[in-house]
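Heads up, target_18.tsv below (TSV, C-alpha atoms):
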```
chain	number	residue	atom	x	y	z
A	1	MET	CA	-7.38	3.06	5.47
A	2	ARG	CA	-9.05	2.70	2.00
A	3	LEU	CA	-10.21	-0.21	-5.59
A	4	PRO	CA	-11.65	-1.93	-6.56
A	5	ARG	CA	-11.38	-14.05	-14.39
A	6	ALA	CA	-9.97	-16.32	-12.61
A	7	PHE	CA	-7.25	-17.91	-14.73
A	8	VAL	CA	-4.30	-19.22	-12.78
A	9	THR	CA	-1.58	-21.36	-14.27
A	10	ALA	CA	-0.81	-24.72	-12.78
A	11	ALA	CA	2.53	-23.41	-11.56
A	12	LEU	CA	0.85	-20.53	-9.74
A	13	ALA	CA	-1.72	-22.77	-8.16
A	14	THR	CA	0.97	-25.17	-7.00
A	15	ALA	CA	3.08	-22.39	-5.50
A	16	PHE	CA	0.05	-21.01	-3.72
A	17	LEU	CA	-0.79	-24.34	-2.15
A	18	VAL	CA	2.79	-24.89	-1.04
A	19	GLY	CA	2.60	-21.58	0.86
A	20	ALA	CA	5.65	-19.65	2.03
A	21	GLY	CA	8.21	-21.45	-0.07
A	22	HIS	CA	9.40	-18.37	-1.93
A	23	ALA	CA	12.89	-17.17	-1.13
A	24	PRO	CA	12.95	-13.42	-1.80
A	25	GLN	CA	14.82	-12.69	-5.00
A	26	ALA	CA	15.31	-9.02	-4.19
A	27	VAL	CA	18.38	-7.64	-2.49
A	28	ALA	CA	18.96	-4.32	-0.77
A	29	GLY	CA	18.99	-1.45	-3.21
A	30	GLU	CA	17.65	-3.56	-6.10
A	31	LEU	CA	14.94	-1.05	-6.99
A	32	PRO	CA	16.77	1.34	-9.33
A	33	SER	CA	16.99	4.91	-8.07
A	34	GLY	CA	15.74	6.15	-11.43
A	35	THR	CA	12.52	4.14	-11.26
A	36	THR	CA	9.50	6.08	-12.52
A	37	PHE	CA	6.28	5.15	-10.76
A	38	PHE	CA	2.86	4.95	-12.41
A	39	THR	CA	0.58	7.98	-12.53
A	40	ASP	CA	-2.98	6.76	-13.06
A	41	PRO	CA	-5.17	9.00	-15.23
A	42	GLN	CA	-8.18	7.11	-13.82
A	43	SER	CA	-7.49	8.10	-10.20
A	44	GLN	CA	-10.18	10.04	-8.40
A	45	VAL	CA	-8.03	13.15	-8.21
A	46	ASN	CA	-7.28	13.14	-11.94
A	47	LYS	CA	-10.92	12.53	-12.80
A	48	TRP	CA	-11.82	15.50	-10.62
A	49	VAL	CA	-9.11	17.65	-12.21
A	50	ALA	CA	-10.40	16.78	-15.70
A	51	ALA	CA	-14.02	17.46	-14.76
A	52	ASN	CA	-13.39	20.80	-12.99
A	53	PRO	CA	-11.14	22.97	-15.19
A	54	SER	CA	-12.77	26.20	-13.97
A	55	ASP	CA	-12.59	25.44	-10.25
A	56	SER	CA	-10.24	27.85	-8.45
A	57	ARG	CA	-8.71	24.89	-6.60
A	58	GLN	CA	-7.97	22.92	-9.74
A	59	PRO	CA	-4.52	24.27	-10.69
A	60	ARG	CA	-2.99	23.60	-7.28
A	61	ILE	CA	-4.57	20.16	-6.96
A	62	ALA	CA	-3.54	19.24	-10.52
A	63	SER	CA	0.07	20.37	-10.18
A	64	ARG	CA	0.77	19.23	-6.64
A	65	ILE	CA	-1.27	16.01	-6.44
A	66	GLY	CA	-2.66	14.89	-9.78
A	67	SER	CA	0.75	15.05	-11.46
A	68	GLN	CA	2.38	12.75	-8.90
A	69	PRO	CA	2.46	8.94	-9.07
A	70	GLN	CA	0.28	7.30	-6.46
A	71	ALA	CA	-0.77	3.82	-5.45
A	72	VAL	CA	-3.81	2.08	-6.89
A	73	TRP	CA	-5.93	0.39	-4.25
A	74	PHE	CA	-7.82	-2.85	-4.73
A	75	ALA	CA	-10.27	-2.63	-1.87
A	76	ASN	CA	-13.68	-3.60	-3.28
A	77	TYR	CA	-14.41	-7.31	-3.18
A	78	SER	CA	-14.99	-8.24	-6.81
A	79	PRO	CA	-13.32	-11.62	-7.35
A	80	SER	CA	-14.67	-12.05	-10.88
A	81	THR	CA	-13.07	-8.83	-12.17
A	82	VAL	CA	-9.95	-8.32	-10.04
A	83	THR	CA	-7.64	-9.95	-12.60
A	84	ALA	CA	-8.86	-7.58	-15.31
A	85	ASP	CA	-8.78	-4.64	-12.89
A	86	VAL	CA	-5.15	-5.32	-12.00
A	87	ARG	CA	-4.26	-5.94	-15.64
A	88	ARG	CA	-5.67	-2.53	-16.61
A	89	VAL	CA	-3.19	-0.88	-14.25
A	90	THR	CA	-0.16	-3.02	-15.02
A	91	SER	CA	-0.73	-2.81	-18.78
A	92	ALA	CA	-1.12	0.97	-18.66
A	93	ALA	CA	2.03	1.27	-16.56
A	94	ALA	CA	4.00	-0.99	-18.91
A	95	GLY	CA	2.92	1.17	-21.84
A	96	LYS	CA	4.52	4.17	-20.13
A	97	ASN	CA	7.62	2.31	-18.89
A	98	GLN	CA	6.45	3.03	-15.35
A	99	VAL	CA	6.27	0.84	-12.25
A	100	PRO	CA	2.81	0.57	-10.69
A	101	VAL	CA	2.27	0.56	-6.94
A	102	LEU	CA	-0.65	-1.74	-6.13
A	103	VAL	CA	-2.31	-2.02	-2.73
A	104	ALA	CA	-3.95	-5.36	-1.97
A	105	TYR	CA	-6.52	-4.56	0.73
A	106	MET	CA	-8.91	-7.46	1.06
A	107	ILE	CA	-7.93	-9.61	4.07
A	108	PRO	CA	-10.93	-10.50	6.29
A	109	ASN	CA	-11.29	-8.21	9.33
A	110	ARG	CA	-8.91	-5.90	7.55
A	111	ASP	CA	-9.48	-3.03	9.95
A	112	CYS	CA	-10.05	-4.11	13.52
A	113	GLY	CA	-10.66	-0.44	14.27
A	114	GLY	CA	-13.78	-0.50	12.12
A	115	ALA	CA	-13.09	2.51	9.88
A	116	SER	CA	-12.82	0.41	6.71
A	117	ALA	CA	-15.30	-2.41	7.02
A	118	GLY	CA	-15.17	-4.97	4.26
A	119	GLY	CA	-12.72	-7.40	2.78
A	120	ALA	CA	-13.16	-10.98	1.66
A	121	PRO	CA	-15.75	-13.00	3.59
A	122	ASP	CA	-13.22	-15.56	4.82
A	123	LEU	CA	-9.64	-16.69	4.30
A	124	ALA	CA	-10.51	-19.26	1.64
A	125	ALA	CA	-12.21	-16.51	-0.37
A	126	TYR	CA	-9.21	-14.26	0.26
A	127	ASP	CA	-6.80	-16.91	-0.98
A	128	ALA	CA	-8.79	-17.21	-4.21
A	129	TRP	CA	-8.95	-13.41	-4.56
A	130	ALA	CA	-5.18	-13.16	-4.05
A	131	ARG	CA	-4.56	-15.71	-6.81
A	132	ASN	CA	-6.80	-13.73	-9.14
A	133	PHE	CA	-5.06	-10.49	-8.15
A	134	ALA	CA	-1.68	-12.05	-8.92
A	135	ALA	CA	-2.88	-13.29	-12.31
A	136	GLY	CA	-3.26	-9.68	-13.50
A	137	LEU	CA	0.27	-8.56	-12.72
A	138	GLY	CA	1.73	-9.21	-16.14
A	139	SER	CA	5.49	-9.55	-16.58
A	140	GLY	CA	6.81	-6.08	-15.78
A	141	SER	CA	8.13	-4.71	-12.52
A	142	SER	CA	5.57	-3.79	-9.90
A	143	ILE	CA	5.33	-2.99	-6.20
A	144	VAL	CA	2.64	-4.65	-4.10
A	145	ILE	CA	1.74	-3.16	-0.73
A	146	LEU	CA	0.28	-6.23	0.93
A	147	GLU	CA	-2.67	-5.58	3.24
A	148	PRO	CA	-2.25	-2.38	5.27
A	149	ASP	CA	-3.07	-2.90	8.98
A	150	SER	CA	-2.93	-6.67	8.61
A	151	ILE	CA	0.08	-7.17	10.91
A	152	ALA	CA	0.11	-4.00	13.00
A	153	LEU	CA	-3.61	-4.11	13.89
A	154	ILE	CA	-4.65	-7.54	15.18
A	155	THR	CA	-6.63	-6.72	18.32
A	156	CYS	CA	-9.88	-8.27	17.05
A	157	LEU	CA	-8.36	-11.65	16.19
A	158	SER	CA	-8.15	-14.82	18.24
A	159	SER	CA	-4.89	-16.72	18.23
A	160	SER	CA	-6.20	-19.19	15.65
A	161	GLU	CA	-7.54	-16.38	13.47
A	162	LEU	CA	-4.18	-14.66	13.67
A	163	SER	CA	-2.33	-17.81	12.66
A	164	GLY	CA	-4.69	-18.17	9.71
A	165	ARG	CA	-4.10	-14.58	8.68
A	166	TYR	CA	-0.33	-14.95	8.81
A	167	ALA	CA	-0.50	-18.08	6.67
A	168	SER	CA	-2.77	-16.38	4.13
A	169	LEU	CA	-0.44	-13.39	3.85
A	170	ALA	CA	2.46	-15.73	3.11
A	171	ARG	CA	0.43	-17.60	0.51
A	172	ALA	CA	-0.65	-14.36	-1.14
A	173	ALA	CA	2.96	-13.16	-1.41
A	174	SER	CA	4.05	-16.51	-2.83
A	175	ALA	CA	1.23	-16.41	-5.38
A	176	ILE	CA	2.32	-12.93	-6.47
A	177	HIS	CA	5.94	-14.00	-6.91
A	178	ALA	CA	4.92	-17.12	-8.80
A	179	ALA	CA	2.76	-15.07	-11.17
A	180	ASN	CA	5.43	-12.40	-11.69
A	181	PRO	CA	8.94	-12.80	-10.27
A	182	LYS	CA	9.58	-9.10	-10.94
A	183	ALA	CA	6.91	-8.06	-8.45
A	184	ARG	CA	8.22	-6.80	-5.11
A	185	VAL	CA	5.95	-7.54	-2.14
A	186	TYR	CA	6.13	-5.39	0.99
A	187	PHE	CA	4.61	-6.44	4.32
A	188	ASP	CA	2.96	-4.25	6.98
A	189	ALA	CA	5.28	-2.70	9.59
A	190	GLY	CA	2.75	-0.24	11.01
A	191	HIS	CA	4.52	3.01	11.87
A	192	SER	CA	6.92	4.59	14.31
A	193	ALA	CA	4.29	5.69	16.84
A	194	TRP	CA	2.53	2.34	17.06
A	195	ASN	CA	4.05	-1.04	17.95
A	196	SER	CA	7.70	-1.31	18.94
A	197	ALA	CA	10.20	-2.46	16.35
A	198	SER	CA	10.74	-5.73	18.21
A	199	VAL	CA	7.01	-6.49	18.42
A	200	GLN	CA	6.48	-5.67	14.76
A	201	ALA	CA	9.49	-7.72	13.68
A	202	SER	CA	8.21	-10.71	15.64
A	203	ARG	CA	4.84	-10.49	13.92
A	204	LEU	CA	6.47	-10.07	10.51
A	205	ARG	CA	8.50	-13.23	11.14
A	206	SER	CA	5.27	-15.06	11.97
A	207	ALA	CA	3.82	-13.89	8.67
A	208	SER	CA	6.88	-15.36	6.87
A	209	VAL	CA	8.26	-12.07	5.60
A	210	LEU	CA	11.73	-13.61	5.57
A	211	THR	CA	10.72	-16.29	3.07
A	212	SER	CA	7.79	-14.67	1.27
A	213	GLY	CA	8.48	-10.92	1.25
A	214	ASP	CA	10.85	-8.47	-0.39
A	215	GLY	CA	10.53	-5.81	2.27
A	216	ILE	CA	8.32	-3.86	4.64
A	217	TYR	CA	6.34	-0.62	4.50
A	218	SER	CA	5.53	1.96	7.15
A	219	ASN	CA	3.35	5.03	7.75
A	220	VAL	CA	0.51	4.07	5.38
A	221	SER	CA	-2.31	6.60	5.82
A	222	ASN	CA	-0.41	8.22	8.68
A	223	TYR	CA	1.50	11.45	9.25
A	224	ASN	CA	4.77	10.61	10.99
A	225	ARG	CA	7.77	12.49	9.68
A	226	THR	CA	9.99	10.71	7.19
A	227	ALA	CA	13.09	10.77	9.41
A	228	ASN	CA	11.20	9.00	12.18
A	229	GLU	CA	9.89	6.39	9.77
A	230	VAL	CA	13.31	5.76	8.26
A	231	ALA	CA	14.75	5.17	11.74
A	232	PHE	CA	11.84	2.92	12.68
A	233	ALA	CA	11.96	0.88	9.47
A	234	LYS	CA	15.69	0.36	9.90
A	235	SER	CA	15.13	-0.78	13.46
A	236	VAL	CA	12.55	-3.33	12.32
A	237	LEU	CA	14.91	-4.53	9.59
A	238	SER	CA	17.70	-4.83	12.15
A	239	GLN	CA	15.44	-6.92	14.38
A	240	LEU	CA	14.84	-9.21	11.39
A	241	GLY	CA	18.58	-9.82	11.04
A	242	GLY	CA	20.65	-9.89	7.87
A	243	SER	CA	17.66	-10.67	5.72
A	244	GLY	CA	18.37	-8.46	2.73
A	245	LEU	CA	14.89	-6.97	3.11
A	246	THR	CA	14.34	-3.27	2.45
A	247	ALA	CA	11.57	-0.76	3.16
A	248	VAL	CA	9.29	1.79	1.54
A	249	ILE	CA	7.66	4.68	3.38
A	250	ASP	CA	4.37	6.47	2.76
A	251	THR	CA	5.10	10.20	2.59
A	252	SER	CA	1.77	11.26	1.14
A	253	ARG	CA	0.58	13.36	4.10
A	254	ASN	CA	3.51	13.74	6.48
A	255	GLY	CA	4.85	17.15	5.47
A	256	ASN	CA	3.75	18.74	8.75
A	257	GLY	CA	4.09	15.63	10.86
A	258	PRO	CA	1.26	14.32	13.06
A	259	ALA	CA	-1.61	16.46	14.29
A	260	PRO	CA	-0.95	17.95	17.75
A	261	ASP	CA	-3.48	15.59	19.35
A	262	ASN	CA	-2.33	12.66	17.17
A	263	ALA	CA	-5.71	12.62	15.44
A	264	TRP	CA	-5.52	10.21	12.51
A	265	CYS	CA	-8.89	10.60	10.81
A	266	ASP	CA	-8.91	13.53	8.37
A	267	PRO	CA	-7.09	15.97	10.67
A	268	HIS	CA	-6.63	19.52	9.45
A	269	GLY	CA	-3.29	21.27	9.12
A	270	ARG	CA	-1.49	18.37	7.43
A	271	LYS	CA	0.59	18.77	4.28
A	272	LEU	CA	1.98	16.67	1.48
A	273	GLY	CA	5.34	15.04	2.20
A	274	GLU	CA	8.23	14.19	-0.11
A	275	ASN	CA	7.20	13.47	-3.68
A	276	PRO	CA	7.31	9.81	-4.66
A	277	THR	CA	10.81	8.71	-5.61
A	278	ALA	CA	13.11	5.72	-5.60
A	279	ASN	CA	16.09	8.02	-5.20
A	280	THR	CA	16.16	8.05	-1.40
A	281	GLY	CA	19.93	8.03	-1.00
A	282	ASP	CA	19.61	5.16	1.45
A	283	PRO	CA	20.08	1.52	0.37
A	284	ALA	CA	17.75	0.33	3.12
A	285	ILE	CA	14.89	2.50	1.88
A	286	ASP	CA	13.73	1.56	-1.60
A	287	ALA	CA	11.31	4.43	-2.08
A	288	TYR	CA	9.16	7.16	-0.69
A	289	LEU	CA	5.66	6.50	-2.02
A	290	TRP	CA	2.23	8.07	-1.91
A	291	ILE	CA	0.32	5.02	-0.79
A	292	LYS	CA	-2.57	6.81	0.88
A	293	LEU	CA	-4.08	8.98	-1.86
A	294	PRO	CA	-3.96	12.67	-0.87
A	295	GLY	CA	-7.45	14.09	-0.81
A	296	GLU	CA	-9.17	10.74	-0.29
A	297	LEU	CA	-10.79	10.74	3.12
A	298	ASP	CA	-10.24	8.43	6.08
A	299	GLY	CA	-13.92	8.33	6.97
A	300	CYS	CA	-14.55	11.25	9.35
A	301	ALA	CA	-14.98	14.23	7.00
A	302	GLY	CA	-16.87	12.05	4.55
A	303	ALA	CA	-17.14	8.48	3.36
A	304	ALA	CA	-13.89	6.55	3.62
A	305	GLY	CA	-12.12	6.62	0.28
A	306	SER	CA	-14.17	9.46	-1.19
A	307	PHE	CA	-12.29	12.36	-2.77
A	308	SER	CA	-12.54	15.78	-1.12
A	309	PRO	CA	-11.20	18.69	-3.20
A	310	ASP	CA	-11.23	20.86	-0.06
A	311	TYR	CA	-9.00	18.43	1.81
A	312	ALA	CA	-6.75	17.93	-1.23
A	313	TYR	CA	-6.39	21.70	-1.62
A	314	GLU	CA	-5.45	22.05	2.05
A	315	LEU	CA	-2.84	19.29	1.83
A	316	ALA	CA	-1.35	20.88	-1.29
A	317	GLY	CA	-1.06	24.34	0.23
```
What would you get if you wrote out this structure as structure tokens?
Amino acid sequence: MRLPRAFVTAALATAFLVGAGHAPQAVAGELPSGTTFFTDPQSQVNKWVAANPSDSRQPRIASRIGSQPQAVWFANYSPSTVTADVRRVTSAAAGKNQVPVLVAYMIPNRDCGGASAGGAPDLAAYDAWARNFAAGLGSGSSIVILEPDSIALITCLSSSELSGRYASLARAASAIHAANPKARVYFDAGHSAWNSASVQASRLRSASVLTSGDGIYSNVSNYNRTANEVAFAKSVLSQLGGSGLTAVIDTSRNGNGPAPDNAWCDPHGRKLGENPTANTGDPAIDAYLWIKLPGELDGCAGAAGSFSPDYAYELAG
């Protein structure tokens, strides 16, 4: 996986302390099919496109990747600036009448697999960071992808650490909703080739998705085909009962499906999937999104999160 003023109103602080008291205000199909997602001119790919007009790879990368809306990750622990960092994105999106997709990626031990070391130093620090993150959301619509890997990948946590994580995720979602009721918060469902739908649903319940979330997401930074992810997400939602929750799916790199050996870290031969859209034709699936940023590495072909024009060019072929 792979950016990264604390001013919080009394109402936000109170909601955060109460924890998972938010009843999701979203209902299935609430995200309009005509939603236009935010395209960030400050993304690594668009900075590269602007800086390399004569590169032979530039036209393909610009047209196939740079032109598409993609998520903005908040992954560098900078509690004093995260509110302003989030506000930059949400303000820019509001100015274009676009909906930003924001990835909160700061939970302690955020990658038990070790590929993306970092995150907040402890849960108390994470709680404060989440409040500051929420304070930058503004008043427009937004999508928050809450902590990739946080529920699907828990192998390094003790039972008490896991309980603490679940509680912090619920508090973070409640803080986001208190700061901006138009924000939709999606919780981690892993993907179709990982945990079973029943296991993932049980963990999502423990993290209070039913009272603190608006939906779930699957396939972040992975390559599973969209049809498989739709079926999996619907199975998880079914396991959660008549909750009214919906799902979004990361289609950024799944055009060719998984690598033959199921390699996950910068495998070759992968392609872009469906372009980001809220017009999925399925009321259970709110959107196909590019959450993992095409061309940004997983950590094997280069530093995790760094942009590789070679890899981007291959994906866009």
Open item on the list: Every residue with an atom at most 6 Å from (3.0, -4.9, 10.8) (file coordinates; all atoms listed in the file) is what I'm after, so could you write them as a PyMOL selection string?
Closed with: chain A and resi 151-152+188-190+200
- [ ] State, in Å with one decimal place, the distance from CA of Ala231 (chain A) to CA of Thr280 (chain A).
- [x]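 That distance, rounded to one decimal, is 13.5 Å.
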Task: Who sits within 9 Å of region 256-269 of chain A, all atoms listed in the file, same chain under 5 positions skipped, as a list in words - done: Ser221, Asn222, Tyr223, Asn224, Arg225, Thr226, Leu297, Asp298, Gly299, Cys300, Ala301, Gly302, Tyr311, Glu314 and Leu315 of chain A
Save the residues we just selected, C-alpha atoms, as a tab-separated table (two decimals), keeping the file's coordinate frame?
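Output (part-v8.tsv):
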```
chain	number	residue	atom	x	y	z
A	221	SER	CA	-2.31	6.60	5.82
A	222	ASN	CA	-0.41	8.22	8.68
A	223	TYR	CA	1.50	11.45	9.25
A	224	ASN	CA	4.77	10.61	10.99
A	225	ARG	CA	7.77	12.49	9.68
A	226	THR	CA	9.99	10.71	7.19
A	297	LEU	CA	-10.79	10.74	3.12
A	298	ASP	CA	-10.24	8.43	6.08
A	299	GLY	CA	-13.92	8.33	6.97
A	300	CYS	CA	-14.55	11.25	9.35
A	301	ALA	CA	-14.98	14.23	7.00
A	302	GLY	CA	-16.87	12.05	4.55
A	311	TYR	CA	-9.00	18.43	1.81
A	314	GLU	CA	-5.45	22.05	2.05
A	315	LEU	CA	-2.84	19.29	1.83
```
- [ ] Between CA of Trp129 (chain A) and CA of Pro79 (chain A), measure the distance and give it in Å to one decimal.
- [x] 5.5 Å
Open item on the list: Need the shell around Pro148 (chain A): protein/DNA/RNA residues with any atom at most 12 Å away, counting all atoms listed in the file. Skip same-chain ones fewer than 2 positions apart. Format as a ChimeraX atom specification?
Closed with: /A:1-2,73-75,102-112,116,119,144-146,150-154,169,186-191,216-222,250,291-292
Please report, as JSON, the centre and edge lengths in Å to one decimal of an axis-aligned box covering all listed atoms of region 75-86 of chain A with 5 Å per side.
```
{"center_x": -10.1, "center_y": -7.3, "center_z": -8.6, "size_x": 19.8, "size_y": 19.4, "size_z": 23.4}
```
Reconstruct all heavy atoms of region 266-276 of chain A; output as a short mmCIF file (atom, residue, chain, number, x, y, z; two decimals), in the frame of the given file.
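out.cif written:
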```cif
data_model
loop_
_atom_site.label_atom_id
_atom_site.label_comp_id
_atom_site.auth_asym_id
_atom_site.auth_seq_id
_atom_site.Cartn_x
_atom_site.Cartn_y
_atom_site.Cartn_z
N ASP A 266 -8.67 12.26 9.07
CA ASP A 266 -8.91 13.53 8.37
C ASP A 266 -8.57 14.76 9.20
O ASP A 266 -9.32 15.74 9.21
CB ASP A 266 -10.36 13.62 7.89
CG ASP A 266 -10.76 12.46 7.00
OD1 ASP A 266 -9.91 12.02 6.19
OD2 ASP A 266 -11.91 11.99 7.09
N PRO A 267 -7.43 14.79 9.88
CA PRO A 267 -7.09 15.97 10.67
C PRO A 267 -6.70 17.14 9.76
O PRO A 267 -6.13 16.94 8.68
CB PRO A 267 -5.89 15.51 11.51
CG PRO A 267 -5.24 14.47 10.65
CD PRO A 267 -6.38 13.76 9.96
N HIS A 268 -6.99 18.33 10.21
CA HIS A 268 -6.63 19.52 9.45
C HIS A 268 -5.18 19.92 9.76
O HIS A 268 -4.58 19.45 10.73
CB HIS A 268 -7.59 20.66 9.78
CG HIS A 268 -8.96 20.45 9.23
ND1 HIS A 268 -9.24 20.49 7.88
CD2 HIS A 268 -10.15 20.18 9.85
CE1 HIS A 268 -10.52 20.25 7.69
NE2 HIS A 268 -11.09 20.06 8.86
N GLY A 269 -4.64 20.77 8.91
CA GLY A 269 -3.29 21.27 9.12
C GLY A 269 -2.19 20.37 8.65
O GLY A 269 -1.02 20.64 8.88
N ARG A 270 -2.52 19.28 7.95
CA ARG A 270 -1.49 18.37 7.43
C ARG A 270 -1.10 18.82 6.03
O ARG A 270 -1.86 19.49 5.33
CB ARG A 270 -1.99 16.93 7.40
CG ARG A 270 -2.50 16.34 8.70
CD ARG A 270 -1.54 16.52 9.86
NE ARG A 270 -1.84 17.74 10.61
CZ ARG A 270 -0.96 18.45 11.27
NH1 ARG A 270 0.31 18.10 11.28
NH2 ARG A 270 -1.31 19.53 11.93
N LYS A 271 0.07 18.39 5.59
CA LYS A 271 0.59 18.77 4.28
C LYS A 271 1.18 17.55 3.56
O LYS A 271 1.54 16.56 4.20
CB LYS A 271 1.67 19.85 4.41
CG LYS A 271 1.20 21.15 5.04
CD LYS A 271 0.13 21.85 4.21
CE LYS A 271 -0.33 23.14 4.86
NZ LYS A 271 -1.47 23.77 4.12
N LEU A 272 1.30 17.69 2.26
CA LEU A 272 1.98 16.67 1.48
C LEU A 272 3.42 16.52 1.94
O LEU A 272 4.06 17.50 2.34
CB LEU A 272 1.98 17.04 -0.01
CG LEU A 272 0.62 17.26 -0.68
CD1 LEU A 272 0.82 17.79 -2.09
CD2 LEU A 272 -0.20 15.98 -0.70
N GLY A 273 3.93 15.28 1.87
CA GLY A 273 5.34 15.04 2.20
C GLY A 273 6.18 14.97 0.93
O GLY A 273 5.80 15.49 -0.12
N GLU A 274 7.34 14.31 1.04
CA GLU A 274 8.23 14.19 -0.11
C GLU A 274 7.50 13.56 -1.29
O GLU A 274 6.71 12.63 -1.14
CB GLU A 274 9.45 13.31 0.23
CG GLU A 274 10.43 13.95 1.19
CD GLU A 274 10.17 13.60 2.63
OE1 GLU A 274 9.04 13.16 2.95
OE2 GLU A 274 11.09 13.77 3.44
N ASN A 275 7.78 14.07 -2.48
CA ASN A 275 7.20 13.47 -3.68
C ASN A 275 7.70 12.04 -3.84
O ASN A 275 8.81 11.70 -3.41
CB ASN A 275 7.59 14.28 -4.91
CG ASN A 275 6.86 15.60 -5.01
OD1 ASN A 275 5.85 15.83 -4.33
ND2 ASN A 275 7.37 16.49 -5.84
N PRO A 276 6.89 11.19 -4.46
CA PRO A 276 7.31 9.81 -4.66
C PRO A 276 8.62 9.72 -5.44
O PRO A 276 8.80 10.39 -6.46
CB PRO A 276 6.14 9.22 -5.47
CG PRO A 276 4.97 10.06 -5.09
CD PRO A 276 5.51 11.44 -4.91
#
```
